[in-house]
file data-v3.txt (compact mmCIF, C-alpha atoms)
# COMPACT_ATOMS: atom_id res chain seq x y z
CA MET A 1 -17.49 8.12 -2.41
CA ILE A 2 -15.09 10.80 -3.49
CA HIS A 3 -15.60 13.08 -0.47
CA ASP A 4 -13.67 10.67 1.73
CA GLN A 5 -10.56 11.51 -0.32
CA ALA A 6 -10.51 15.08 1.02
CA ALA A 7 -8.15 14.48 3.96
CA ALA A 8 -5.75 12.44 1.84
CA PHE A 9 -5.83 15.16 -0.81
CA ALA A 10 -5.06 17.82 1.80
CA LEU A 11 -2.04 15.75 2.89
CA ASP A 12 -0.98 15.04 -0.74
CA ALA A 13 -1.49 11.35 0.01
CA LEU A 14 -3.38 10.52 -3.17
CA ASP A 15 -1.58 8.97 -6.10
CA ARG A 16 -1.55 10.78 -9.41
CA GLU A 17 -4.78 9.29 -10.80
CA GLU A 18 -6.70 9.72 -7.53
CA ALA A 19 -5.54 13.33 -7.23
CA ALA A 20 -6.60 14.14 -10.81
CA GLU A 21 -9.99 12.56 -10.23
CA PHE A 22 -10.46 14.49 -7.00
CA GLU A 23 -9.44 17.80 -8.59
CA ALA A 24 -11.92 17.25 -11.41
CA HIS A 25 -14.59 16.61 -8.81
CA LEU A 26 -13.60 19.74 -6.85
CA ALA A 27 -14.17 21.89 -9.90
CA VAL A 28 -17.86 21.00 -9.91
CA CYS A 29 -18.55 20.40 -6.20
CA PRO A 30 -18.63 23.55 -4.04
CA GLY A 31 -19.46 21.53 -0.93
CA CYS A 32 -16.25 19.60 -1.34
CA GLU A 33 -14.18 22.79 -1.52
CA ASP A 34 -15.75 23.97 1.74
CA GLU A 35 -14.96 20.65 3.35
CA LEU A 36 -11.41 20.65 2.03
CA GLU A 37 -10.31 24.12 3.09
CA PRO A 38 -10.13 23.54 6.88
CA LEU A 39 -8.37 20.22 6.30
CA ARG A 40 -5.86 21.97 4.06
CA VAL A 41 -5.24 24.66 6.67
CA ALA A 42 -4.62 22.00 9.33
CA ALA A 43 -2.27 20.14 6.99
CA VAL A 44 -0.28 23.29 6.22
CA ALA A 45 0.15 23.96 9.94
CA LEU A 46 2.26 20.79 9.98
CA ALA A 47 4.87 22.69 7.98
CA PHE A 48 5.63 24.66 11.15
CA ALA A 49 6.14 21.61 13.39
CA GLY A 50 9.75 20.90 12.49
CA GLU A 51 13.12 22.57 12.70
CA LEU A 52 13.27 25.35 10.14
CA PRO A 53 16.90 26.09 9.32
CA PRO A 54 17.35 29.20 7.18
CA PRO A 55 17.96 28.49 3.50
CA ARG A 56 21.17 29.56 1.81
CA PRO A 57 21.00 33.17 0.62
CA GLY A 58 21.42 32.08 -3.00
CA LEU A 59 17.98 30.48 -2.97
CA ARG A 60 16.27 33.85 -2.89
CA ARG A 61 18.04 34.84 -6.07
CA ARG A 62 17.00 31.60 -7.78
CA VAL A 63 13.40 32.12 -6.72
CA VAL A 64 13.10 35.77 -7.62
CA VAL A 65 15.39 36.37 -10.53
CA VAL A 66 14.95 33.29 -12.65
CA PRO A 67 11.22 33.45 -13.43
CA PHE A 68 11.41 37.07 -14.45
CA ARG A 69 14.19 36.40 -16.91
CA ARG A 70 11.95 34.14 -18.92
CA ARG A 71 8.87 36.24 -18.51
CA ALA A 72 6.49 36.17 -21.43
CA ARG A 73 3.04 37.65 -21.20
CA PRO A 74 0.34 36.33 -23.49
CA LEU A 75 -1.38 39.06 -25.45
CA LEU A 76 -4.12 39.06 -28.02
CA SER A 77 -2.99 39.95 -31.49
CA ALA A 78 -3.74 43.52 -32.51
CA ALA A 79 -6.09 42.24 -35.20
CA ALA A 80 -8.12 40.22 -32.71
CA VAL A 81 -8.45 43.21 -30.38
CA ALA A 82 -9.53 45.46 -33.20
CA ALA A 83 -12.12 42.95 -34.38
CA ALA A 84 -13.49 42.48 -30.88
CA CYS A 85 -13.60 46.23 -30.25
CA ALA A 86 -15.57 46.78 -33.42
CA VAL A 87 -18.20 44.39 -32.12
CA VAL A 88 -18.18 46.08 -28.72
CA VAL A 89 -19.12 49.39 -30.24
CA LEU A 90 -22.21 47.69 -31.64
CA VAL A 91 -23.07 46.01 -28.38
CA LEU A 92 -22.40 48.84 -25.98
CA THR A 93 -23.71 51.84 -27.77
CA ASP A 94 -27.36 50.85 -27.95
CA GLY A 95 -27.84 52.98 -31.05
CA ARG A 96 -25.71 55.87 -29.82
CA THR A 97 -22.31 56.43 -31.32
CA ARG A 98 -19.33 55.93 -29.08
CA GLY A 99 -15.77 55.72 -30.20
CA VAL A 100 -13.57 52.69 -29.88
CA ALA A 101 -10.80 54.85 -28.49
CA GLY A 102 -12.08 54.73 -24.91
CA THR A 103 -12.44 50.95 -24.88
CA ARG A 104 -9.84 49.01 -22.94
CA SER A 105 -9.08 45.35 -23.55
CA TYR A 106 -7.76 42.82 -21.04
CA PRO A 107 -6.53 39.31 -21.82
CA LEU A 108 -8.07 36.34 -20.02
CA ARG A 109 -6.23 33.75 -17.98
CA GLY A 110 -7.65 30.25 -18.19
CA ALA A 111 -9.35 30.62 -21.57
CA LYS A 112 -8.89 32.30 -24.91
CA GLY A 113 -10.63 35.64 -25.25
CA SER A 114 -10.68 39.09 -23.74
CA LEU A 115 -12.61 41.48 -21.58
CA LEU A 116 -13.54 44.76 -23.21
CA VAL A 117 -14.45 47.69 -21.00
CA SER A 118 -15.86 50.99 -22.19
CA SER A 119 -14.91 54.33 -20.68
CA THR A 120 -18.08 54.19 -18.59
CA GLY A 121 -17.30 50.71 -17.25
CA GLU A 122 -19.77 48.78 -19.38
CA ALA A 123 -18.17 45.52 -20.35
CA VAL A 124 -18.33 42.60 -22.70
CA LEU A 125 -16.63 39.30 -22.08
CA VAL A 126 -15.46 37.48 -25.20
CA VAL A 127 -14.62 33.83 -24.50
CA HIS A 128 -13.67 31.17 -27.00
CA ARG A 129 -13.92 27.41 -26.59
CA LEU A 130 -14.87 26.82 -22.95
CA PRO A 131 -15.89 23.21 -22.31
CA PRO A 132 -19.69 22.72 -22.35
CA THR A 133 -21.31 23.00 -18.92
CA PRO A 134 -22.57 19.84 -17.21
CA ALA A 135 -26.34 19.50 -16.79
CA GLY A 136 -27.70 21.90 -14.17
CA LYS A 137 -24.58 24.08 -14.22
CA ALA A 138 -23.81 27.45 -15.74
CA TYR A 139 -20.79 29.70 -16.10
CA ASP A 140 -21.46 32.67 -13.84
CA VAL A 141 -19.59 35.93 -14.32
CA TRP A 142 -18.34 37.98 -11.35
CA VAL A 143 -16.90 41.42 -10.93
CA VAL A 144 -14.44 41.16 -8.05
CA ARG A 145 -13.42 44.27 -6.21
CA ALA A 146 -11.68 44.60 -2.85
CA GLY A 147 -12.26 40.92 -2.21
CA ARG A 148 -16.02 41.11 -2.87
CA ALA A 149 -17.62 39.46 -5.87
CA GLY A 150 -20.76 40.85 -7.50
CA HIS A 151 -22.77 38.69 -9.88
CA ALA A 152 -22.50 40.06 -13.40
CA GLY A 153 -24.54 37.62 -15.46
CA VAL A 154 -24.21 34.20 -17.03
CA LEU A 155 -21.95 33.38 -19.99
CA ARG A 156 -23.97 32.82 -23.15
CA GLY A 157 -22.12 31.92 -26.31
CA THR A 158 -18.93 33.64 -27.28
CA MET A 159 -19.87 37.15 -26.24
CA THR A 160 -21.62 38.20 -23.04
CA LYS A 161 -22.57 41.71 -22.02
CA LEU A 162 -22.00 42.00 -18.27
CA THR A 163 -25.01 43.03 -16.19
CA ARG A 164 -22.89 45.27 -13.98
CA THR A 165 -20.14 47.74 -14.72
CA VAL A 166 -16.45 46.98 -14.27
CA PRO A 167 -14.85 49.83 -12.30
CA ARG A 168 -11.13 50.40 -12.49
CA GLY A 169 -9.21 48.27 -10.04
CA SER A 170 -11.62 45.35 -10.23
CA GLU A 171 -11.24 41.97 -11.88
CA VAL A 172 -13.67 39.77 -13.75
CA ALA A 173 -13.83 36.04 -13.07
CA VAL A 174 -15.98 33.16 -14.26
CA THR A 175 -16.92 30.17 -12.12
CA LEU A 176 -19.00 27.06 -12.73
CA GLU A 177 -22.12 27.22 -10.54
CA ARG A 178 -25.51 25.62 -10.19
CA THR A 179 -27.95 27.10 -12.69
CA GLY A 180 -29.81 30.09 -11.34
CA GLY A 181 -28.47 29.71 -7.82
CA ALA A 182 -25.33 31.52 -6.87
CA SER A 183 -25.21 34.89 -5.15
CA THR A 184 -21.54 34.44 -4.30
CA PRO A 185 -18.98 32.39 -6.22
CA ARG A 186 -18.50 28.91 -4.78
CA GLY A 187 -16.45 27.24 -7.48
CA ARG A 188 -12.88 27.82 -8.50
CA PRO A 189 -12.47 30.37 -11.27
CA VAL A 190 -12.30 28.77 -14.70
CA LEU A 191 -11.00 32.04 -16.07
CA ARG A 192 -10.23 35.52 -14.87
CA THR A 193 -8.78 38.77 -16.01
CA GLU A 194 -5.99 40.75 -14.52
CA ARG A 195 -6.91 43.84 -12.54
CA THR A 196 -8.50 46.45 -14.77
CA MET B 197 -6.25 35.84 16.54
CA ARG B 198 -2.94 34.98 15.00
CA ALA B 199 -3.00 33.37 11.63
CA VAL B 200 -1.02 30.28 10.75
CA GLY B 201 1.98 31.39 8.80
CA ASP B 202 1.44 35.09 9.17
CA PHE B 203 4.91 36.26 10.10
CA ARG B 204 4.28 39.82 9.26
CA GLU B 205 1.60 40.23 11.87
CA ALA B 206 3.80 38.61 14.48
CA THR B 207 7.01 40.39 13.75
CA GLY B 208 5.75 43.82 12.93
CA ALA B 209 7.87 45.84 10.58
CA ARG B 210 10.50 43.20 10.05
CA SER B 211 10.45 43.66 6.34
CA PRO B 212 12.67 46.54 5.30
CA THR B 213 11.34 46.62 1.75
CA LYS B 214 8.89 49.10 0.35
CA LEU B 215 6.35 46.30 0.02
CA GLY B 216 6.40 45.30 3.69
CA HIS B 217 3.05 46.93 4.38
CA LEU B 218 1.19 45.05 1.64
CA SER B 219 -1.06 42.06 2.22
CA ASP B 220 -0.14 38.70 0.72
CA GLU B 221 -3.09 39.07 -1.65
CA ALA B 222 -1.77 42.40 -2.89
CA LEU B 223 1.70 40.91 -3.39
CA LEU B 224 0.25 38.07 -5.46
CA ALA B 225 -1.61 40.59 -7.59
CA LEU B 226 1.60 42.56 -8.15
CA ALA B 227 3.58 39.40 -8.89
CA SER B 228 1.02 38.41 -11.51
CA ARG B 229 1.72 41.68 -13.29
CA GLY B 230 5.42 40.94 -13.41
CA ASP B 231 6.61 42.73 -10.25
CA ASP B 232 9.64 40.70 -9.15
CA SER B 233 10.05 42.59 -5.88
CA ALA B 234 6.54 41.38 -4.90
CA LEU B 235 7.61 37.78 -5.47
CA GLY B 236 10.74 38.54 -3.44
CA GLU B 237 8.65 39.85 -0.56
CA LEU B 238 6.52 36.68 -0.60
CA TYR B 239 9.71 34.65 -0.52
CA ASP B 240 10.95 36.71 2.44
CA ARG B 241 7.73 35.91 4.29
CA TYR B 242 7.40 32.21 3.48
CA GLY B 243 10.70 31.04 2.02
CA ARG B 244 12.12 29.85 5.32
CA VAL B 245 9.11 27.70 6.17
CA ALA B 246 8.94 26.50 2.57
CA TYR B 247 12.58 25.44 2.61
CA GLY B 248 12.34 23.84 6.05
CA LEU B 249 9.32 21.83 4.95
CA ALA B 250 10.94 20.71 1.70
CA LEU B 251 14.15 19.79 3.52
CA ARG B 252 12.25 17.73 6.04
CA ILE B 253 10.55 15.75 3.29
CA LEU B 254 13.53 15.45 0.96
CA ARG B 255 16.42 15.38 3.45
CA ASP B 256 18.70 16.81 0.83
CA ARG B 257 19.61 20.46 0.59
CA ALA B 258 19.87 20.67 -3.19
CA LEU B 259 16.59 18.84 -3.77
CA ALA B 260 14.85 21.02 -1.17
CA GLU B 261 16.09 24.12 -2.95
CA ASP B 262 14.81 22.73 -6.25
CA ALA B 263 11.40 22.10 -4.69
CA VAL B 264 11.19 25.65 -3.32
CA GLN B 265 12.31 27.20 -6.57
CA GLU B 266 9.82 25.19 -8.62
CA ALA B 267 7.00 25.90 -6.17
CA PHE B 268 7.61 29.65 -6.29
CA LEU B 269 7.72 29.46 -10.05
CA ALA B 270 4.26 27.87 -9.85
CA VAL B 271 3.19 30.63 -7.43
CA TRP B 272 4.32 33.26 -9.89
CA ARG B 273 2.73 31.52 -12.89
CA SER B 274 -0.60 30.99 -11.17
CA SER B 275 -0.67 34.22 -9.17
CA GLY B 276 -3.07 35.75 -11.67
CA SER B 277 -5.64 33.05 -11.08
CA PHE B 278 -5.57 33.18 -7.29
CA LEU B 279 -8.79 34.39 -5.71
CA ALA B 280 -9.11 35.32 -2.06
CA GLU B 281 -12.23 33.15 -1.82
CA GLN B 282 -9.97 30.12 -2.16
CA GLY B 283 -8.31 30.72 1.19
CA LYS B 284 -5.17 32.44 2.33
CA PRO B 285 -2.17 32.96 0.06
CA SER B 286 0.17 31.49 2.68
CA THR B 287 -1.83 28.24 2.75
CA TRP B 288 -1.82 28.13 -1.02
CA ILE B 289 1.92 28.78 -1.30
CA LEU B 290 2.86 26.14 1.27
CA THR B 291 0.46 23.69 -0.35
CA LEU B 292 2.34 24.16 -3.63
CA VAL B 293 5.68 23.68 -1.87
CA HIS B 294 4.48 20.51 -0.18
CA ARG B 295 3.09 19.08 -3.40
CA ARG B 296 6.32 19.74 -5.23
CA ALA B 297 8.44 18.20 -2.48
CA VAL B 298 6.21 15.11 -2.40
CA ASP B 299 6.44 14.78 -6.19
CA ILE B 300 10.23 14.86 -5.97
CA VAL B 301 10.47 12.47 -3.02
CA ARG B 302 8.28 9.96 -4.85
CA ARG B 303 10.38 10.32 -7.96
CA GLU B 304 13.64 10.00 -6.05
CA GLU B 305 12.37 7.22 -3.81
CA ARG B 306 13.85 8.99 -0.84
CA ARG B 307 10.95 8.48 1.45
CA ARG B 308 11.55 7.78 5.08
CA GLY B 309 8.96 7.32 7.72
CA GLU B 310 10.65 8.38 10.88
CA PRO B 311 8.36 9.79 13.52
CA LEU B 312 8.53 13.49 14.26
CA ALA B 313 11.67 14.20 16.28
CA GLU B 314 11.28 16.51 19.20
CA VAL B 315 13.26 19.58 18.44
CA VAL B 316 15.84 20.77 20.91
CA GLN B 317 15.52 24.51 21.23
CA PRO B 318 18.84 26.14 20.53
CA ALA B 319 20.02 28.47 23.25
CA GLY B 320 20.82 32.10 22.72
CA GLU B 321 19.24 35.20 21.29
CA ALA B 322 16.61 34.69 18.67
CA THR B 323 15.50 37.06 16.00
CA ASP B 324 11.83 38.03 15.91
CA GLU B 325 11.27 35.59 13.13
CA GLU B 326 12.96 32.78 15.02
CA ALA B 327 10.99 33.50 18.17
CA TRP B 328 7.79 33.46 16.18
CA LEU B 329 8.68 30.21 14.44
CA ARG B 330 9.56 28.61 17.77
CA ALA B 331 6.22 29.61 19.22
CA GLN B 332 4.42 28.25 16.16
CA ARG B 333 6.38 25.02 16.35
CA GLN B 334 5.56 24.55 19.99
CA VAL B 335 1.83 25.02 19.43
CA VAL B 336 1.71 22.62 16.49
CA GLN B 337 3.85 20.00 18.25
CA GLU B 338 1.67 20.15 21.34
CA ALA B 339 -1.44 19.73 19.23
CA LEU B 340 0.12 16.76 17.45
CA ARG B 341 0.98 15.14 20.78
CA LYS B 342 -2.67 15.26 21.77
CA LEU B 343 -3.78 13.23 18.79
CA PRO B 344 -4.34 9.48 19.22
CA PRO B 345 -1.07 7.79 18.15
CA ASP B 346 -2.56 5.96 15.17
CA GLN B 347 -4.02 9.17 13.73
CA ARG B 348 -0.79 11.06 14.30
CA GLU B 349 1.21 8.28 12.67
CA ALA B 350 -0.96 8.26 9.53
CA ILE B 351 -0.84 12.05 9.21
CA GLU B 352 2.91 12.33 9.75
CA LEU B 353 3.80 9.50 7.41
CA ALA B 354 1.62 11.03 4.72
CA TYR B 355 2.67 14.65 5.16
CA TYR B 356 6.36 14.30 5.96
CA GLY B 357 7.00 10.88 4.41
CA GLY B 358 5.23 11.46 1.13
CA PHE B 359 3.46 8.10 1.27
CA THR B 360 0.17 7.65 -0.56
CA GLN B 361 -2.82 6.37 1.39
CA SER B 362 -2.58 2.99 -0.38
CA GLU B 363 1.08 2.67 0.51
CA LEU B 364 0.25 3.53 4.10
CA ALA B 365 -2.46 0.89 4.24
CA GLU B 366 0.06 -1.69 3.08
CA ARG B 367 2.86 -0.45 5.30
CA LEU B 368 0.71 -0.29 8.41
CA GLY B 369 -1.23 -3.47 7.62
CA GLN B 370 -4.59 -1.72 7.83
CA PRO B 371 -7.55 -1.53 5.45
CA LEU B 372 -7.53 1.57 3.23
CA GLY B 373 -10.76 2.78 4.84
CA THR B 374 -9.07 2.77 8.25
CA ILE B 375 -6.20 4.90 6.94
CA LYS B 376 -8.62 7.35 5.34
CA SER B 377 -10.60 7.71 8.52
CA ARG B 378 -7.48 8.15 10.67
CA MET B 379 -6.29 10.94 8.40
CA PHE B 380 -9.68 12.64 8.28
CA THR B 381 -10.46 12.41 11.98
CA GLY B 382 -6.90 13.35 12.89
CA LEU B 383 -6.77 16.41 10.65
CA ARG B 384 -10.14 17.63 11.85
CA ARG B 385 -9.08 17.20 15.47
CA LEU B 386 -5.77 18.92 14.76
CA ARG B 387 -7.61 21.91 13.39
CA GLU B 388 -9.72 22.10 16.57
CA LEU B 389 -6.67 21.85 18.78
CA LEU B 390 -4.87 24.59 16.85
CA ALA B 391 -7.90 26.82 17.06
CA GLU B 392 -8.07 26.22 20.83
CA ALA B 393 -4.41 27.20 21.06
CA GLY B 394 -5.19 30.52 19.42
CA LEU B 395 -4.06 29.83 15.90
CA ASP B 396 -6.57 31.09 13.41
CA VAL B 397 -7.31 28.04 11.34
CA ASP B 398 -10.91 28.88 10.55
CA ALA B 399 -12.25 28.23 7.12
CA PRO B 400 -12.56 31.46 5.16
call {"tool": "encode", "arguments": {"input": "data-v3.txt", "output": "structure tokens"}}
result
Amino acid sequence: MIHDQAAAFALDALDREEAAEFEAHLAVCPGCEDELEPLRVAAVALAFAGELPPPRPGLRRRVVVVPFRRRARPLLSAAAVAAACAVVVLVLTDGRTRGVAGTRSYPLRGAKGSLLVSSTGEAVLVVHRLPPTPAGKAYDVWVVRAGRAGHAGVLRGTMTKLTRTVPRGSEVAVTLERTGGASTPRGRPVLRTERT
Amino acid sequence: MRAVGDFREATGARSPTKLGHLSDEALLALASRGDDSALGELYDRYGRVAYGLALRILRDRALAEDAVQEAFLAVWRSSGSFLAEQGKPSTWILTLVHRRAVDIVRREERRRGEPLAEVVQPAGEATDEEAWLRAQRQVVQEALRKLPPDQREAIELAYYGGFTQSELAERLGQPLGTIKSRMFTGLRRLRELLAEAGLDVDAP
């Protein structure tokens, strides 16, 4: 029974194999995530129970400066963007002509691919090589704005036209959900975009 | 209600930076786009607790600093995949710090299982942040004291000692199932006690 590992997971008291197994389970079990969260919050409160001497000032510099020195942002190659945009024109225009110029492209985090958004907010999600879904599960697409997620369709194949527009300032995320069920995302995002 | 770890709410405009008014979620979003001052602001909010926690587990200043640095690197790297539905950023950040400290303590075999020492409050003027941390500490310590001793022992040895549940079962001479149930019942009770004390520990 994997659910009885939740408290130990919240306390980081699982060994490496147990923790990996539990995390894999979490990815497909929304109920488990709900059960875990309050345990995790209680565990984190323990961080405040001890003496908290201030760190040396140099630590701030190590924390803030170092990661940004080796910053490298993954970007699609220009050729890949151009190829994807060409397809988007076909998908989005519905027979009308619309230029590629107004189409914006955003890289994905968590999977290879990109989100392409037209000037009117219509969008296509291009995703390569996601693992196949388990039986009874589907990859649901969400448009997240101001902390609220709206269902925007189900991933089908490499290219999915979203069923809702993607306004500026929103993000697109994909979670693994029960087929045909979810009105709000329950799973952890398997991929997401940056803010558009 | 106050939120666990939310210094900003407690201490008002303590942050002098231009980002002081932003929510943790907004700072994570900025950090994910490469804004180093956003990461700095998150460090200003949670760095002290992060370091104190790591130091308590590792009992070595240099190792604690390593743990904090590596955890904030993980925060920065994963900031783009954080979703508010997953809970609060502060919980997530401190979870990463704890995990890193436990990884190091297991690697270094530095674990110790001393019970939680009662902290002597230092006399004198306290900054807003210190006053807030003292109040937090008092609430959490009181809640811990109300737990049955065997539950408290299992939770503290796991969280501060870095022991796995199997190691605890062996160390305490109890079946694994007993350890699991002490941790689960204890954590759930702890959450209730903290909520009663006015700390917002509700699930999102």
call {"tool": "closest_atom_pairs", "arguments": {"input": "data-v3.txt", "of": "chain B", "to": "chain A", "cutoff": "7 Å", "atoms": "all atoms listed in the file", "output": "Markdown table"}}
result
| residue | atom | partner | partner_atom | distance |
| --- | --- | --- | --- | --- |
| B:Val200 | CA | A:Ala45 | CA | 6.5 |
| B:Asp232 | CA | A:Val64 | CA | 6.2 |
| B:Leu235 | CA | A:Val64 | CA | 6.2 |
| B:Gly236 | CA | A:Val64 | CA | 5.5 |
| B:Arg244 | CA | A:Pro54 | CA | 5.6 |
| B:Val245 | CA | A:Leu52 | CA | 6.2 |
| B:Tyr247 | CA | A:Pro55 | CA | 6.2 |
| B:Gly248 | CA | A:Leu52 | CA | 4.5 |
| B:Leu249 | CA | A:Ala47 | CA | 5.5 |
| B:Glu261 | CA | A:Leu59 | CA | 6.6 |
| B:Gln265 | CA | A:Val63 | CA | 5.0 |
| B:Phe268 | CA | A:Val63 | CA | 6.3 |
| B:Leu269 | CA | A:Pro67 | CA | 6.3 |
| B:Gly276 | CA | A:Glu194 | CA | 6.5 |
| B:Ser277 | CA | A:Arg192 | CA | 6.4 |
| B:Ala280 | CA | A:Gly147 | CA | 6.4 |
| B:Thr287 | CA | A:Val44 | CA | 6.2 |
| B:Leu290 | CA | A:Val44 | CA | 6.5 |
| B:Thr291 | CA | A:Val44 | CA | 6.6 |
| B:Arg295 | CA | A:Asp12 | CA | 6.3 |
| B:Val315 | CA | A:Glu51 | CA | 6.5 |
| B:Gln332 | CA | A:Phe48 | CA | 6.3 |
| B:Arg333 | CA | A:Ala49 | CA | 4.5 |
| B:Val336 | CA | A:Ala49 | CA | 5.5 |
| B:Gln337 | CA | A:Ala49 | CA | 5.6 |
| B:Ala354 | CA | A:Ala13 | CA | 5.7 |
| B:Tyr355 | CA | A:Leu11 | CA | 5.3 |
| B:Gly358 | CA | A:Ala13 | CA | 6.8 |
| B:Phe359 | CA | A:Ala13 | CA | 6.1 |
| B:Thr360 | CA | A:Ala13 | CA | 4.1 |
| B:Gln361 | CA | A:Ala13 | CA | 5.3 |
| B:Lys376 | CA | A:Ala8 | CA | 6.8 |
| B:Met379 | CA | A:Ala7 | CA | 6.0 |
| B:Phe380 | CA | A:Ala7 | CA | 4.9 |
| B:Leu383 | CA | A:Leu39 | CA | 6.0 |
| B:Arg384 | CA | A:Leu39 | CA | 6.4 |
| B:Leu386 | CA | A:Ala42 | CA | 6.3 |
| B:Arg387 | CA | A:Ala42 | CA | 5.0 |
| B:Val397 | CA | A:Val41 | CA | 6.1 |
| B:Asp398 | CA | A:Pro38 | CA | 6.5 |
| B:Ala399 | CA | A:Pro38 | CA | 5.2 |
call {"tool": "closest_residue", "arguments": {"input": "data-v3.txt", "among": "B:Arg241, B:Leu389, B:Leu259, B:Glu304", "to": "Arg341 (chain B)", "atoms": "only C-alpha atoms"}}
result
B:Leu389
call {"tool": "atom_distance", "arguments": {"input": "data-v3.txt", "atom1": "CA of Ala135 (chain A)", "atom2": "CA of Ala27 (chain A)"}}
result
14.2 Å
call {"tool": "closest_residue", "arguments": {"input": "data-v3.txt", "among": "A:Ala24, A:Thr196, A:Lys161, A:Ala123", "to": "Tyr106 (chain A)", "atoms": "only C-alpha atoms"}}
result
A:Thr196
call {"tool": "closest_residue", "arguments": {"input": "data-v3.txt", "among": "A:Gly157, A:Pro57, A:Pro134, A:Gly150", "to": "Arg178 (chain A)", "atoms": "all atoms listed in the file"}}
result
A:Pro134
call {"tool": "residues_around", "arguments": {"input": "data-v3.txt", "residues": "Thr158 (chain A)", "least_positions_apart": "5", "cutoff": "8 Å", "atoms": "all atoms listed in the file", "output": "list in words"}}
result
Val126, Val127 and His128 of chain A
call {"tool": "atom_distance", "arguments": {"input": "data-v3.txt", "atom1": "CA of Ala246 (chain B)", "atom2": "CA of Pro30 (chain A)"}}
result
28.5 Å
call {"tool": "atom_distance", "arguments": {"input": "data-v3.txt", "atom1": "CA of Thr160 (chain A)", "atom2": "CA of Thr179 (chain A)"}}
result
16.4 Å
call {"tool": "residues_around", "arguments": {"input": "data-v3.txt", "residues": "Glu305 (chain B)", "least_positions_apart": "5", "cutoff": "12 Å", "atoms": "only C-alpha atoms", "output": "CSV table (one decimal) with C-alpha atoms, in the frame of the given file"}}
result
chain,number,residue,atom,x,y,z
B,253,ILE,CA,10.6,15.8,3.3
B,254,LEU,CA,13.5,15.4,1.0
B,255,ARG,CA,16.4,15.4,3.4
B,297,ALA,CA,8.4,18.2,-2.5
B,298,VAL,CA,6.2,15.1,-2.4
B,299,ASP,CA,6.4,14.8,-6.2
B,300,ILE,CA,10.2,14.9,-6.0
B,357,GLY,CA,7.0,10.9,4.4
B,358,GLY,CA,5.2,11.5,1.1
B,359,PHE,CA,3.5,8.1,1.3
